>>> print(open('work_14.cif').read())   # mmCIF, C-alpha atoms
data_my_file
loop_
_atom_site.label_atom_id
_atom_site.label_comp_id
_atom_site.auth_asym_id
_atom_site.auth_seq_id
_atom_site.Cartn_x
_atom_site.Cartn_y
_atom_site.Cartn_z
CA MET A 1 -126.08 -213.09 -128.97
CA HIS A 2 -125.60 -209.40 -128.16
CA TYR A 3 -129.33 -208.90 -127.59
CA ARG A 4 -129.53 -212.08 -125.54
CA LEU A 5 -126.87 -210.74 -123.19
CA LEU A 6 -128.69 -207.45 -122.89
CA GLY A 7 -131.83 -209.31 -121.93
CA LEU A 8 -129.98 -211.11 -119.16
CA CYS A 9 -128.55 -207.83 -117.93
CA ALA A 10 -131.96 -206.19 -117.91
CA ALA A 11 -133.47 -209.04 -115.92
CA ALA A 12 -130.69 -209.07 -113.37
CA LEU A 13 -130.26 -205.34 -112.88
CA GLY A 14 -133.83 -204.17 -113.38
CA ALA A 15 -135.22 -206.62 -110.85
CA PHE A 16 -133.65 -204.69 -107.99
CA LEU A 17 -135.32 -201.33 -108.60
CA PRO A 18 -138.78 -201.28 -107.01
CA THR A 19 -141.09 -198.34 -107.50
CA VAL A 20 -141.23 -196.12 -104.43
CA ALA A 21 -144.12 -193.74 -103.95
CA ALA A 22 -142.96 -190.20 -104.61
CA GLN A 23 -144.49 -188.86 -101.41
CA PHE A 24 -142.74 -191.43 -99.21
CA GLU A 25 -139.31 -190.65 -97.79
CA CYS A 26 -137.04 -193.07 -95.97
CA ASN A 27 -135.14 -192.15 -92.83
CA ARG A 28 -131.93 -190.38 -93.84
CA THR A 29 -130.25 -191.07 -90.51
CA TYR A 30 -130.83 -194.81 -90.84
CA LEU A 31 -129.60 -194.95 -94.44
CA GLN A 32 -126.49 -193.00 -93.45
CA SER A 33 -125.88 -195.30 -90.48
CA PHE A 34 -126.09 -198.40 -92.67
CA ALA A 35 -123.67 -196.83 -95.17
CA ASP A 36 -121.32 -196.10 -92.24
CA ASN A 37 -121.48 -199.75 -91.19
CA TYR A 38 -120.80 -200.82 -94.76
CA VAL A 39 -117.60 -198.74 -94.72
CA VAL A 40 -116.61 -200.33 -91.40
CA SER A 41 -116.95 -203.73 -93.08
CA HIS A 42 -114.28 -202.68 -95.55
CA GLU A 43 -112.09 -201.37 -92.74
CA THR A 44 -112.32 -204.57 -90.71
CA GLY A 45 -112.67 -207.15 -93.45
CA GLN A 46 -115.69 -208.50 -91.57
CA LEU A 47 -119.44 -208.37 -92.09
CA THR A 48 -120.65 -208.74 -88.52
CA ASN A 49 -121.86 -205.14 -88.26
CA LEU A 50 -124.20 -205.34 -91.27
CA ASP A 51 -127.64 -205.79 -89.75
CA ASN A 52 -131.26 -205.88 -90.94
CA ILE A 53 -130.51 -207.92 -94.06
CA ALA A 54 -133.42 -209.06 -96.22
CA ASP A 55 -134.13 -212.74 -96.85
CA ASN A 56 -133.74 -212.08 -100.58
CA PHE A 57 -130.52 -210.11 -100.16
CA THR A 58 -128.36 -209.92 -103.28
CA TYR A 59 -124.74 -208.89 -103.63
CA MET A 60 -123.48 -207.62 -106.99
CA GLU A 61 -119.88 -206.82 -107.81
CA ASN A 62 -119.02 -205.38 -111.22
CA ASN A 63 -122.48 -206.23 -112.55
CA LYS A 64 -122.29 -209.89 -111.52
CA THR A 65 -124.24 -211.53 -108.74
CA ARG A 66 -122.04 -213.46 -106.35
CA GLU A 67 -121.69 -214.48 -102.72
CA ILE A 68 -120.71 -211.51 -100.59
CA THR A 69 -118.12 -213.68 -98.83
CA SER A 70 -116.26 -214.10 -102.12
CA GLY A 71 -116.12 -210.38 -102.85
CA ILE A 72 -113.94 -207.42 -101.94
CA PHE A 73 -114.54 -207.78 -98.19
CA TYR A 74 -111.80 -210.41 -97.78
CA ASN A 75 -109.24 -207.66 -96.99
CA ALA A 76 -109.22 -205.08 -94.19
CA LEU A 77 -108.67 -201.79 -96.01
CA LYS A 78 -107.51 -198.36 -94.89
CA ILE A 79 -110.02 -195.88 -96.32
CA ALA A 80 -108.16 -192.80 -97.58
CA HIS A 81 -111.25 -191.01 -98.93
CA ARG A 82 -114.96 -191.55 -98.40
CA HIS A 83 -117.97 -189.71 -99.81
CA THR A 84 -121.62 -190.71 -99.32
CA ILE A 85 -124.93 -189.39 -100.65
CA ILE A 86 -128.40 -190.45 -99.50
CA ASP A 87 -131.57 -190.89 -101.58
CA THR A 88 -134.55 -190.71 -99.21
CA VAL A 89 -137.06 -191.25 -102.03
CA GLU A 90 -135.54 -194.46 -103.39
CA CYS A 91 -134.32 -195.62 -99.95
CA ALA A 92 -130.76 -195.89 -101.19
CA SER A 93 -127.24 -194.61 -100.71
CA PHE A 94 -124.10 -194.26 -102.80
CA THR A 95 -120.61 -194.32 -101.35
CA GLU A 96 -117.34 -193.61 -103.13
CA LEU A 97 -114.21 -195.07 -101.53
CA ILE A 98 -110.59 -194.50 -102.47
CA ILE A 99 -108.01 -196.90 -101.03
CA THR A 100 -104.26 -197.12 -101.53
CA HIS A 101 -103.25 -199.55 -98.74
CA ASN A 102 -104.76 -202.11 -96.39
CA VAL A 103 -104.66 -201.71 -92.63
CA SER A 104 -101.32 -203.53 -92.49
CA GLY A 105 -99.75 -200.92 -94.74
CA GLU A 106 -99.49 -203.20 -97.76
CA PRO A 107 -100.48 -201.82 -101.18
CA ALA A 108 -104.19 -202.37 -101.86
CA PRO A 109 -105.22 -199.95 -104.61
CA TYR A 110 -108.97 -199.69 -105.15
CA VAL A 111 -111.58 -197.13 -106.13
CA ILE A 112 -115.06 -198.38 -105.29
CA GLY A 113 -118.51 -197.02 -106.04
CA THR A 114 -121.36 -198.68 -104.12
CA GLN A 115 -125.12 -198.31 -104.24
CA ILE A 116 -127.05 -199.83 -101.32
CA ARG A 117 -130.81 -200.31 -101.54
CA HIS A 118 -133.39 -200.81 -98.79
CA SER A 119 -137.02 -201.81 -98.59
CA PRO A 120 -139.24 -198.75 -97.96
CA GLY A 121 -141.09 -200.72 -95.28
CA ASP A 122 -138.70 -202.10 -92.68
CA LEU A 123 -135.60 -200.57 -94.31
CA SER A 124 -134.01 -204.00 -94.63
CA CYS A 125 -131.12 -204.07 -97.08
CA TYR A 126 -131.89 -206.16 -100.14
CA LEU A 127 -129.06 -205.12 -102.49
CA ILE A 128 -125.42 -204.06 -102.27
CA ASP A 129 -124.24 -203.16 -105.78
CA LEU A 130 -120.54 -202.32 -106.25
CA ILE A 131 -118.27 -201.20 -109.06
CA VAL A 132 -114.76 -202.15 -107.90
CA SER A 133 -111.78 -200.87 -109.88
CA THR A 134 -108.15 -201.72 -109.32
CA THR A 135 -104.88 -201.96 -111.24
CA GLY A 136 -105.68 -202.55 -114.90
CA SER A 137 -108.97 -200.66 -114.86
CA TRP A 138 -109.55 -197.65 -117.11
CA LEU A 139 -106.96 -194.92 -116.33
CA PHE A 140 -106.49 -196.40 -112.86
CA ASN A 141 -104.16 -194.94 -110.25
CA SER A 142 -105.77 -194.67 -106.83
CA THR A 143 -103.00 -192.41 -105.49
CA LYS A 144 -103.67 -189.83 -108.20
CA THR A 145 -107.43 -190.23 -107.84
CA LEU A 146 -107.06 -189.51 -104.12
CA GLU A 147 -104.95 -186.43 -104.82
CA TYR A 148 -107.53 -184.87 -107.12
CA ALA A 149 -110.65 -185.90 -105.19
CA SER A 150 -109.27 -184.50 -101.93
CA LYS A 151 -109.10 -181.01 -103.45
CA GLU A 152 -112.76 -180.86 -104.46
CA ASN A 153 -115.68 -179.36 -102.56
CA TRP A 154 -118.76 -181.61 -102.35
CA THR A 155 -120.30 -179.85 -99.34
CA LEU A 156 -123.99 -179.41 -98.55
CA ILE A 157 -125.83 -177.01 -100.87
CA ASP A 158 -128.03 -174.29 -99.40
CA GLU A 159 -131.68 -175.30 -99.51
CA GLY A 160 -132.76 -172.46 -101.75
CA LYS A 161 -130.06 -173.27 -104.33
CA ARG A 162 -130.67 -177.00 -104.71
CA ASP A 163 -131.55 -178.54 -108.05
CA SER A 164 -134.53 -180.87 -108.28
CA ARG A 165 -134.30 -184.63 -108.61
CA GLU A 166 -135.60 -184.31 -112.15
CA SER A 167 -132.90 -181.80 -113.08
CA LEU A 168 -130.15 -183.97 -111.63
CA GLN A 169 -131.32 -187.08 -113.45
CA GLY A 170 -131.85 -185.14 -116.67
CA ALA A 171 -128.27 -183.88 -116.56
CA ALA A 172 -126.85 -187.33 -115.88
CA ASP A 173 -128.96 -188.99 -118.57
CA ALA A 174 -128.02 -186.37 -121.14
CA TYR A 175 -124.33 -186.82 -120.39
CA LEU A 176 -124.48 -190.62 -120.54
CA SER A 177 -126.46 -190.48 -123.79
CA MET A 178 -123.75 -188.59 -125.72
CA TRP A 179 -122.25 -191.85 -126.99
CA ASN A 180 -125.35 -192.76 -128.98
CA ASN A 181 -127.17 -189.43 -129.41
CA ARG A 182 -125.42 -186.32 -130.72
CA SER A 183 -128.26 -184.03 -129.65
CA ALA A 184 -127.64 -185.03 -126.03
CA ILE A 185 -124.47 -182.91 -126.03
CA ASP A 186 -126.54 -179.73 -126.17
CA ALA A 187 -128.86 -181.03 -123.44
CA VAL A 188 -126.03 -181.35 -120.92
CA PRO A 189 -125.98 -178.35 -118.52
CA TRP A 190 -122.27 -177.66 -118.96
CA GLY A 191 -120.76 -175.53 -116.24
CA THR A 192 -117.62 -173.41 -116.01
CA PRO A 193 -115.55 -174.31 -114.15
CA CYS A 194 -116.23 -178.05 -114.36
CA ASP A 195 -113.76 -180.83 -113.61
CA ARG A 196 -114.02 -184.50 -114.53
CA LEU A 197 -112.03 -187.10 -112.63
CA GLU A 198 -111.92 -189.95 -115.15
CA GLY A 199 -110.20 -192.79 -113.39
CA SER A 200 -107.10 -190.91 -112.25
CA VAL A 201 -107.01 -188.30 -115.02
CA TYR A 202 -108.24 -184.77 -114.32
CA THR A 203 -109.63 -182.61 -117.10
CA GLY A 204 -108.49 -179.28 -115.67
CA PRO A 205 -105.67 -177.65 -113.68
CA GLY A 206 -108.06 -176.01 -111.23
CA LEU A 207 -108.65 -172.81 -113.16
CA PRO A 208 -111.93 -170.87 -113.50
CA THR A 209 -111.97 -171.92 -117.15
CA ASP A 210 -111.85 -175.69 -116.50
CA SER A 211 -114.27 -177.63 -118.69
CA CYS A 212 -115.80 -181.11 -118.61
CA LYS A 213 -116.21 -181.03 -122.39
CA VAL A 214 -112.61 -182.20 -122.77
CA GLY A 215 -112.59 -185.61 -124.43
CA ILE A 216 -116.34 -186.04 -124.86
CA PRO A 217 -117.31 -188.52 -127.59
CA THR A 218 -117.18 -187.33 -131.18
CA ASN A 219 -118.61 -190.63 -132.44
CA ASN A 220 -122.24 -190.44 -131.38
CA ASN A 221 -123.36 -193.64 -133.07
CA GLN A 222 -121.99 -196.08 -130.53
CA ALA A 223 -123.84 -198.59 -128.38
CA PRO A 224 -125.61 -196.92 -125.43
CA ASN A 225 -124.71 -196.76 -121.77
CA SER A 226 -127.52 -198.96 -120.53
CA HIS A 227 -129.16 -200.45 -117.42
CA ARG A 228 -128.75 -197.28 -115.40
CA ARG A 229 -129.34 -197.41 -111.64
CA TYR A 230 -129.74 -194.07 -109.86
CA VAL A 231 -129.13 -192.65 -106.40
CA ILE A 232 -130.08 -188.96 -106.19
CA ASP A 233 -129.36 -186.53 -103.34
CA PRO A 234 -130.40 -182.92 -104.06
CA THR A 235 -128.97 -181.77 -100.70
CA TYR A 236 -125.51 -182.33 -102.17
CA GLY A 237 -126.48 -181.65 -105.78
CA SER A 238 -125.33 -185.15 -106.59
CA ILE A 239 -126.48 -188.17 -108.57
CA SER A 240 -124.83 -191.57 -108.85
CA VAL A 241 -125.44 -193.73 -111.92
CA LEU A 242 -124.20 -197.31 -112.21
CA CYS A 243 -124.52 -198.68 -115.71
CA ILE A 244 -123.07 -200.79 -118.51
CA PHE A 245 -120.82 -199.18 -121.12
CA GLU A 246 -121.86 -201.42 -124.00
CA HIS A 247 -119.37 -199.91 -126.45
CA LEU A 248 -116.51 -200.90 -124.13
CA SER A 249 -117.17 -204.65 -124.18
CA MET A 250 -120.07 -204.31 -121.70
CA ALA A 251 -117.82 -202.61 -119.13
CA PRO A 252 -119.22 -202.02 -115.63
CA ASP A 253 -119.27 -198.28 -114.97
CA SER A 254 -119.98 -195.71 -112.27
CA HIS A 255 -120.56 -192.02 -112.96
CA GLU A 256 -121.28 -189.51 -110.20
CA PHE A 257 -122.23 -185.92 -111.00
CA ARG A 258 -122.46 -182.78 -108.90
CA LEU A 259 -124.48 -179.79 -110.07
CA GLU A 260 -124.24 -176.29 -108.67
CA ASN A 261 -126.78 -173.66 -109.68
CA GLY A 262 -128.10 -175.98 -112.37
CA LYS A 263 -124.71 -176.54 -114.00
CA LEU A 264 -122.24 -179.42 -113.92
CA ARG A 265 -119.40 -178.81 -111.48
CA TYR A 266 -117.78 -182.23 -110.92
CA ILE A 267 -117.89 -185.66 -112.57
CA HIS A 268 -116.27 -188.82 -111.17
CA THR A 269 -115.98 -191.97 -113.26
CA ILE A 270 -115.04 -195.57 -112.45
CA THR A 271 -114.88 -197.82 -115.52
CA LEU A 272 -113.70 -201.39 -115.92
CA ALA A 273 -112.84 -201.17 -119.60
CA ASN A 274 -111.70 -204.20 -121.59
CA SER A 275 -113.77 -206.37 -119.25
CA GLY A 276 -116.06 -208.04 -121.76
CA GLY A 277 -118.18 -210.96 -120.69
CA PHE A 278 -119.69 -209.41 -117.58
CA GLY A 279 -123.15 -209.48 -119.11
CA ASN A 280 -123.26 -213.18 -119.86
CA GLU A 281 -122.58 -214.18 -116.26
CA LEU A 282 -125.45 -212.22 -114.78
CA THR A 283 -128.30 -214.06 -113.13
CA ALA A 284 -131.70 -212.79 -112.16
CA PRO A 285 -132.61 -213.27 -108.49
CA PRO A 286 -136.26 -212.75 -107.55
CA PRO A 287 -137.35 -209.12 -107.23
CA PRO A 288 -137.66 -207.68 -103.71
CA ALA A 289 -140.98 -208.32 -101.99
CA ALA A 290 -142.10 -206.92 -98.68
CA SER A 291 -143.17 -210.33 -97.46
CA ARG A 292 -139.63 -211.67 -97.90
CA HIS A 293 -137.88 -209.06 -95.74
CA ARG A 294 -136.65 -209.96 -92.30
CA LYS A 295 -137.27 -207.64 -89.41
CA ARG A 296 -134.35 -205.62 -88.16
CA GLY A 297 -131.58 -207.77 -86.73
CA GLY A 298 -133.06 -211.04 -87.90
CA ALA A 299 -130.68 -211.82 -90.72
CA SER A 300 -127.29 -210.64 -89.54
CA SER A 301 -126.22 -214.23 -88.87
CA ARG A 302 -126.25 -214.83 -92.63
CA LEU A 303 -123.30 -212.45 -92.99
CA SER A 304 -121.54 -212.47 -89.63
CA GLY A 305 -118.33 -214.32 -88.87
CA LEU A 306 -117.71 -215.39 -92.46
CA ILE A 307 -114.84 -213.05 -93.25
CA GLU A 308 -111.60 -213.02 -91.29
CA SER A 309 -109.49 -209.91 -90.93
#
>>> encode(input="work_14.cif", output="structure tokens")
Amino acid sequence: MHYRLLGLCAAALGAFLPTVAAQFECNRTYLQSFADNYVVSHETGQLTNLDNIADNFTYMENNKTREITSGIFYNALKIAHRHTIIDTVECASFTELIITHNVSGEPAPYVIGTQIRHSPGDLSCYLIDLIVSTTGSWLFNSTKTLEYASKENWTLIDEGKRDSRESLQGAADAYLSMWNNRSAIDAVPWGTPCDRLEGSVYTGPGLPTDSCKVGIPTNNNQAPNSHRRYVIDPTYGSISVLCIFEHLSMAPDSHEFRLENGKLRYIHTITLANSGGFGNELTAPPPPAASRHRKRGGASSRLSGLIES
């Protein structure tokens, strides 16, 4: 049964990752603008501003496909912290949101990590893929997460000091492979200082000696962290990875890494531990195809007016 569930996960998650020619780059301004509109949808609890949606658009929340109108957008949220990176090679973005209250001032604790993917051709959006954590998630406390994240520096890195896409992915893959491969520990480019924000727990007090090695797995024979989806932005030294933590009952997971001068500086994690059963509810929509994409503005009616603030 375990392998059957993995097969379903692979079909559902792998179908959304088309190969993009290495020499092609998507428009950063457009990808950023769409990510901005996505954030506005959270702020208003409405989807009317999401435009250029593909015919084969898919919405995934915590590794399950579902109707976007039944997801997190039902509530108008006050965004306390927002961070976005752009991948011009894969035509994608990643946005981290930290929320403590909705716009009415009522408690609405969430930490959300979202990858958005676009067709390289007309830049239509074919996938919005979220990891949504709230009360009960692994080490969750959005107020504490906000406190720590607000103190960090994820600013633009000087062009001559940027790490390559390959280096960023290699660092992330090595880190995420520690659970099932002991040799991966030595492959991680550990930095000092380095701080990991794991849920709402911080690994260091902000000293030059802070280390991200605190609490790394000592059992390296566990099930892997699989079905990794990447968004890579060398301009910010950052890489987002959404995946499945198999050893935690197939928990949906988000890890974002920042490297500076080739070494790990920050790690943010969002994990829905003790959430087994996500894998067996996955379905596999058809993979994106250029012929199925609407032209810009042609599909917004599919999303508009369906969510009330």
>>> closest_residue(input="work_14.cif", among="A:Arg28, A:His268, A:Arg165, A:His255", to="A:Glu198", atoms="only C-alpha atoms")
A:His268
>>> closest_residue(input="work_14.cif", among="A:Ile79, A:Ile232, A:Leu123, A:Ile131", to="A:Thr100", atoms="all atoms listed in the file")
A:Ile79
>>> residues_around(input="work_14.cif", residues="A:Asn62", least_positions_apart="5", cutoff="9 Å", atoms="all atoms listed in the file", output="CSV table (one decimal) with C-alpha atoms, in the coordinates of the input")
chain,number,residue,atom,x,y,z
A,129,ASP,CA,-124.2,-203.2,-105.8
A,130,LEU,CA,-120.5,-202.3,-106.2
A,131,ILE,CA,-118.3,-201.2,-109.1
A,132,VAL,CA,-114.8,-202.2,-107.9
A,133,SER,CA,-111.8,-200.9,-109.9
A,251,ALA,CA,-117.8,-202.6,-119.1
A,252,PRO,CA,-119.2,-202.0,-115.6
A,253,ASP,CA,-119.3,-198.3,-115.0
A,272,LEU,CA,-113.7,-201.4,-115.9
A,278,PHE,CA,-119.7,-209.4,-117.6
>>> axis_aligned_box(input="work_14.cif", around="stretch 264-270 of chain A", padding_each_side="3 Å", output="AutoDock Vina command-line options")
--center_x -118.6 --center_y -187.2 --center_z -112.4 --size_x 13.2 --size_y 22.8 --size_z 9.0
>>> resolve_selection(input="work_14.cif", expression="the PyMOL selection byres ((chain A and resi 190) around 10)", output="list in words")
Ala171, Tyr175, Ile185, Asp186, Ala187, Val188, Pro189, Gly191, Thr192, Pro193, Cys194, Ser211, Cys212, Lys213, Leu259, Gly262, Lys263, Leu264 and Arg265 of chain A
>>> residues_around(input="work_14.cif", residues="A:Gln115", least_positions_apart="5", cutoff="8 Å", atoms="all atoms listed in the file", output="list in words")
Ala92, Ser93, Phe94, Thr95, Ile128, Asp129, Leu130 and Val231 of chain A
>>> resolve_selection(input="work_14.cif", expression="the PyMOL selection byres ((chain A and resi 90) around 8)", output="list in words")
Thr19, Val20, Glu25, Cys26, Asp87, Thr88, Val89, Cys91, Ala92, Arg117, Pro120 and Val231 of chain A
>>> atom_distance(input="work_14.cif", atom1="atom CA of A:Arg258", atom2="atom CA of A:Ser124")
28.1 Å
>>> closest_residue(input="work_14.cif", among="A:Thr134, A:Ser104, A:Thr44, A:Asn261", to="A:Ala273", atoms="only C-alpha atoms")
A:Thr134
>>> atom_distance(input="work_14.cif", atom1="atom CA of A:Tyr30", atom2="atom CA of A:Ile99")
25.1 Å
>>> closest_residue(input="work_14.cif", among="A:Glu67, A:Glu43, A:Asp233, A:Asp36", to="A:Leu156", atoms="all atoms listed in the file")
A:Asp233
>>> residues_around(input="work_14.cif", residues="A:Thr58", least_positions_apart="4", cutoff="9 Å", atoms="all atoms listed in the file", output="VMD selection string")
chain A and resid 16 54 65 to 68 125 to 129 285
>>> atom_distance(input="work_14.cif", atom1="atom CA of A:Met60", atom2="atom CA of A:Ala223")
23.2 Å
>>> resolve_selection(input="work_14.cif", expression="the PyMOL selection byres ((chain A and resi 241) around 10)", output="short mmCIF file (atom, residue, chain, number, x, y, z; two decimals) with C-alpha atoms, in the frame of the given file")
data_model
loop_
_atom_site.label_atom_id
_atom_site.label_comp_id
_atom_site.auth_asym_id
_atom_site.auth_seq_id
_atom_site.Cartn_x
_atom_site.Cartn_y
_atom_site.Cartn_z
CA PHE A 94 -124.10 -194.26 -102.80
CA GLY A 113 -118.51 -197.02 -106.04
CA GLN A 115 -125.12 -198.31 -104.24
CA GLN A 169 -131.32 -187.08 -113.45
CA ALA A 172 -126.85 -187.33 -115.88
CA ASP A 173 -128.96 -188.99 -118.57
CA LEU A 176 -124.48 -190.62 -120.54
CA HIS A 227 -129.16 -200.45 -117.42
CA ARG A 228 -128.75 -197.28 -115.40
CA ARG A 229 -129.34 -197.41 -111.64
CA TYR A 230 -129.74 -194.07 -109.86
CA VAL A 231 -129.13 -192.65 -106.40
CA ILE A 232 -130.08 -188.96 -106.19
CA ILE A 239 -126.48 -188.17 -108.57
CA SER A 240 -124.83 -191.57 -108.85
CA LEU A 242 -124.20 -197.31 -112.21
CA CYS A 243 -124.52 -198.68 -115.71
CA ILE A 244 -123.07 -200.79 -118.51
CA ASP A 253 -119.27 -198.28 -114.97
CA SER A 254 -119.98 -195.71 -112.27
CA HIS A 255 -120.56 -192.02 -112.96
CA GLU A 256 -121.28 -189.51 -110.20
CA PHE A 257 -122.23 -185.92 -111.00
CA THR A 269 -115.98 -191.97 -113.26
#
>>> closest_residue(input="work_14.cif", among="A:Asn220, A:Thr145, A:Thr203, A:Thr48", to="A:Trp179", atoms="all atoms listed in the file")
A:Asn220
